[in-house]
Amino acid sequence: ARVEALHVGSLATIVEPGSRALYEWAMSVADFAPVIFDPNVRSAYLADRPLYVALVEKWISISTLVKASDDDIAWLYPDLEQVEVAKNWIHSGVEIVMITRGAKGLMAVTADEIIEVPSVLVDVVDTVGAGDTVGAVLVDAILEHGILNLRGEVLRNALNCAALAAAITCSRAGAQPPTKSEIQAKEKNRA
């Protein structure tokens, strides 16, 4: 089977010896498929900020899309604004930077545009898994449209879908993301 996209992140990208093998494999995948990277910072595991930043930037150098939370960015680069960090990553070769901002919604930055969508209001039961749900929706959008076609309204629609999916996840205890059919049913009810 041919790899169509690789989504990777969190501790798997910083814990040796596995992270080295994973990085080598991801570099080979990056030659023919998009690499989606979610740093999902775990500073309690590795509190050395300069080392953590270096490890994240190593992964960013081979990534097509980076999905990071506003908390991830604030911890990695406490003196920089989110959009400035996103633009730096774009200049290093990333196609799209997606920033999850909790109740403030989602933001996508490309070389040509910044798109923001609001969060979907929900009674929050648990936020575990919300970011991963957003990542899954983005992978689905890449597989459906292609990374280079995620621009303008196509990207905005993917962000709106991701915000809705994250809200559904937050309405449940534990990391229980919705199915695609659940998302589609909720989208119809909102229309």
# chains A, B, ... in the order shown; residues from 1 in each chain; ligands from 1
$ residues_around --residues "Ala103 in chain A" --least-positions-apart "6" --cutoff "12 Å" --atoms "only C-alpha atoms" --output "ChimeraX atom specification"
/A:69-70,117-124,127,130,163-164,166-167,170
$ write_last_selection --atoms "N, CA, C and O atoms" --output "mmCIF file, in the first residue's frame"
data_model
loop_
_atom_site.group_PDB
_atom_site.id
_atom_site.type_symbol
_atom_site.label_atom_id
_atom_site.label_comp_id
_atom_site.auth_asym_id
_atom_site.auth_seq_id
_atom_site.Cartn_x
_atom_site.Cartn_y
_atom_site.Cartn_z
ATOM 1 N N SER A 69 -1.299 24.100 18.613
ATOM 2 C CA SER A 69 -2.221 24.879 19.443
ATOM 3 C C SER A 69 -1.573 26.215 19.783
ATOM 4 O O SER A 69 -0.348 26.371 19.707
ATOM 5 N N ASP A 70 -2.400 27.156 20.171
ATOM 6 C CA ASP A 70 -1.861 28.437 20.619
ATOM 7 C C ASP A 70 -0.959 28.238 21.841
ATOM 8 O O ASP A 70 0.052 28.924 21.993
ATOM 9 N N VAL A 117 -11.816 30.860 11.602
ATOM 10 C CA VAL A 117 -13.204 30.443 11.795
ATOM 11 C C VAL A 117 -13.463 30.366 13.291
ATOM 12 O O VAL A 117 -12.558 30.044 14.067
ATOM 13 N N PRO A 118 -14.689 30.663 13.689
ATOM 14 C CA PRO A 118 -15.001 30.606 15.127
ATOM 15 C C PRO A 118 -15.141 29.168 15.604
ATOM 16 O O PRO A 118 -15.349 28.242 14.812
ATOM 17 N N SER A 119 -15.038 29.013 16.905
ATOM 18 C CA SER A 119 -15.318 27.699 17.487
ATOM 19 C C SER A 119 -16.830 27.483 17.449
ATOM 20 O O SER A 119 -17.605 28.416 17.239
ATOM 21 N N VAL A 120 -17.231 26.255 17.641
ATOM 22 C CA VAL A 120 -18.645 25.908 17.708
ATOM 23 C C VAL A 120 -19.002 25.788 19.182
ATOM 24 O O VAL A 120 -18.338 25.053 19.931
ATOM 25 N N LEU A 121 -20.004 26.535 19.598
ATOM 26 C CA LEU A 121 -20.402 26.522 21.006
ATOM 27 C C LEU A 121 -20.975 25.171 21.393
ATOM 28 O O LEU A 121 -21.794 24.594 20.673
ATOM 29 N N VAL A 122 -20.521 24.681 22.542
ATOM 30 C CA VAL A 122 -20.951 23.379 23.030
ATOM 31 C C VAL A 122 -20.759 23.351 24.536
ATOM 32 O O VAL A 122 -19.924 24.086 25.079
ATOM 33 N N ASP A 123 -21.541 22.538 25.223
ATOM 34 C CA ASP A 123 -21.301 22.315 26.643
ATOM 35 C C ASP A 123 -20.102 21.383 26.755
ATOM 36 O O ASP A 123 -20.184 20.204 26.393
ATOM 37 N N VAL A 124 -18.984 21.914 27.216
ATOM 38 C CA VAL A 124 -17.739 21.156 27.253
ATOM 39 C C VAL A 124 -17.763 20.156 28.409
ATOM 40 O O VAL A 124 -17.958 20.524 29.563
ATOM 41 N N THR A 127 -11.948 18.153 27.043
ATOM 42 C CA THR A 127 -11.253 18.647 25.846
ATOM 43 C C THR A 127 -10.226 17.651 25.304
ATOM 44 O O THR A 127 -9.621 17.904 24.257
ATOM 45 N N ALA A 130 -9.576 16.826 21.328
ATOM 46 C CA ALA A 130 -10.082 17.850 20.400
ATOM 47 C C ALA A 130 -9.044 18.194 19.335
ATOM 48 O O ALA A 130 -9.360 18.288 18.144
ATOM 49 N N ALA A 163 -13.720 22.531 13.272
ATOM 50 C CA ALA A 163 -14.251 23.179 14.479
ATOM 51 C C ALA A 163 -15.479 22.433 14.993
ATOM 52 O O ALA A 163 -15.630 22.226 16.204
ATOM 53 N N LEU A 164 -16.342 22.016 14.071
ATOM 54 C CA LEU A 164 -17.533 21.266 14.464
ATOM 55 C C LEU A 164 -17.144 19.911 15.051
ATOM 56 O O LEU A 164 -17.655 19.503 16.097
ATOM 57 N N ALA A 166 -14.332 19.057 16.475
ATOM 58 C CA ALA A 166 -13.712 19.270 17.784
ATOM 59 C C ALA A 166 -14.768 19.539 18.855
ATOM 60 O O ALA A 166 -14.662 19.057 19.982
ATOM 61 N N ALA A 167 -15.787 20.302 18.490
ATOM 62 C CA ALA A 167 -16.866 20.590 19.444
ATOM 63 C C ALA A 167 -17.598 19.312 19.843
ATOM 64 O O ALA A 167 -17.916 19.107 21.021
ATOM 65 N N CYS A 170 -15.468 17.503 22.270
ATOM 66 C CA CYS A 170 -15.483 18.157 23.592
ATOM 67 C C CYS A 170 -16.788 17.931 24.347
ATOM 68 O O CYS A 170 -16.832 18.103 25.562
#
$ residues_around --residues "Thr100 in chain A" --least-positions-apart "2" --cutoff "7 Å" --atoms "only C-alpha atoms" --output "list in words"
Ala68, Ser69, Asp70, Met98, Gly102, Gly105, Leu106 and Met107 of chain A
$ select_by_dssp --residues "chain A" --states "strand (DSSP E)" --output "list in words"
Leu6, His7, Val8, Gly9, Val35, Ile36, Phe37, Asp38, Leu65, Val66, Lys67, Ala68, Ser69, Ile96, Val97, Met98, Ile99, Thr100, Leu106, Met107, Ala108, Val109, Ile114, Ile115, Glu116 and Val117 of chain A
$ residues_around --residues "Asp71 in chain A" --least-positions-apart "6" --cutoff "12 Å" --atoms "only C-alpha atoms" --output "number ranges by chain"
A: 39-43, 77-78, 81-82, 99-102, 131
$ write_last_selection --atoms "N, CA and C atoms" --output "JSON list (two decimals), in the first residue's frame"
[["chain", "number", "residue", "atom", "x", "y", "z"],
["A", 39, "PRO", "N", 3.17, 19.27, 16.88],
["A", 39, "PRO", "CA", 4.15, 19.19, 17.97],
["A", 39, "PRO", "C", 3.55, 18.75, 19.30],
["A", 40, "ASN", "N", 2.31, 19.11, 19.57],
["A", 40, "ASN", "CA", 1.62, 18.67, 20.79],
["A", 40, "ASN", "C", 2.59, 18.68, 21.97],
["A", 41, "VAL", "N", 3.10, 19.84, 22.27],
["A", 41, "VAL", "CA", 4.18, 20.03, 23.24],
["A", 41, "VAL", "C", 3.85, 19.41, 24.59],
["A", 42, "ARG", "N", 4.79, 18.66, 25.10],
["A", 42, "ARG", "CA", 4.70, 18.05, 26.43],
["A", 42, "ARG", "C", 5.91, 18.51, 27.24],
["A", 43, "SER", "N", 5.84, 19.76, 27.71],
["A", 43, "SER", "CA", 6.98, 20.36, 28.40],
["A", 43, "SER", "C", 7.31, 19.65, 29.71],
["A", 77, "TYR", "N", 7.72, 29.59, 21.61],
["A", 77, "TYR", "CA", 8.20, 30.92, 21.21],
["A", 77, "TYR", "C", 7.49, 32.00, 22.03],
["A", 78, "PRO", "N", 7.80, 32.12, 23.32],
["A", 78, "PRO", "CA", 7.05, 33.03, 24.19],
["A", 78, "PRO", "C", 7.13, 34.50, 23.79],
["A", 81, "GLU", "N", 4.46, 36.45, 18.25],
["A", 81, "GLU", "CA", 3.02, 36.31, 18.01],
["A", 81, "GLU", "C", 2.76, 35.05, 17.18],
["A", 82, "GLN", "N", 1.57, 34.50, 17.32],
["A", 82, "GLN", "CA", 1.21, 33.27, 16.61],
["A", 82, "GLN", "C", 1.38, 33.40, 15.10],
["A", 99, "ILE", "N", -3.66, 26.65, 13.41],
["A", 99, "ILE", "CA", -3.53, 26.94, 14.84],
["A", 99, "ILE", "C", -4.88, 26.74, 15.50],
["A", 100, "THR", "N", -4.91, 25.84, 16.49],
["A", 100, "THR", "CA", -6.12, 25.67, 17.29],
["A", 100, "THR", "C", -6.04, 26.64, 18.46],
["A", 101, "ARG", "N", -7.16, 27.33, 18.71],
["A", 101, "ARG", "CA", -7.16, 28.38, 19.74],
["A", 101, "ARG", "C", -8.31, 28.22, 20.73],
["A", 102, "GLY", "N", -8.71, 26.98, 20.97],
["A", 102, "GLY", "CA", -9.77, 26.72, 21.94],
["A", 102, "GLY", "C", -11.05, 27.46, 21.59],
["A", 131, "GLY", "N", -7.80, 18.39, 19.74],
["A", 131, "GLY", "CA", -6.75, 18.72, 18.78],
["A", 131, "GLY", "C", -6.50, 17.58, 17.80]]
$ closest_residue --among "A:Val56, A:Ile114, A:Val3, A:Ala26" --to "Arg151 in chain A" --atoms "only C-alpha atoms"
A:Ile114
$ atom_distance --atom1 "CA of Thr169 in chain A" --atom2 "CA of Leu150 in chain A"
23.5 Å
$ closest_residue --among "A:Leu80, A:Ala158, A:Ile62, A:Val29" --to "Glu116 in chain A" --atoms "only C-alpha atoms"
A:Ala158
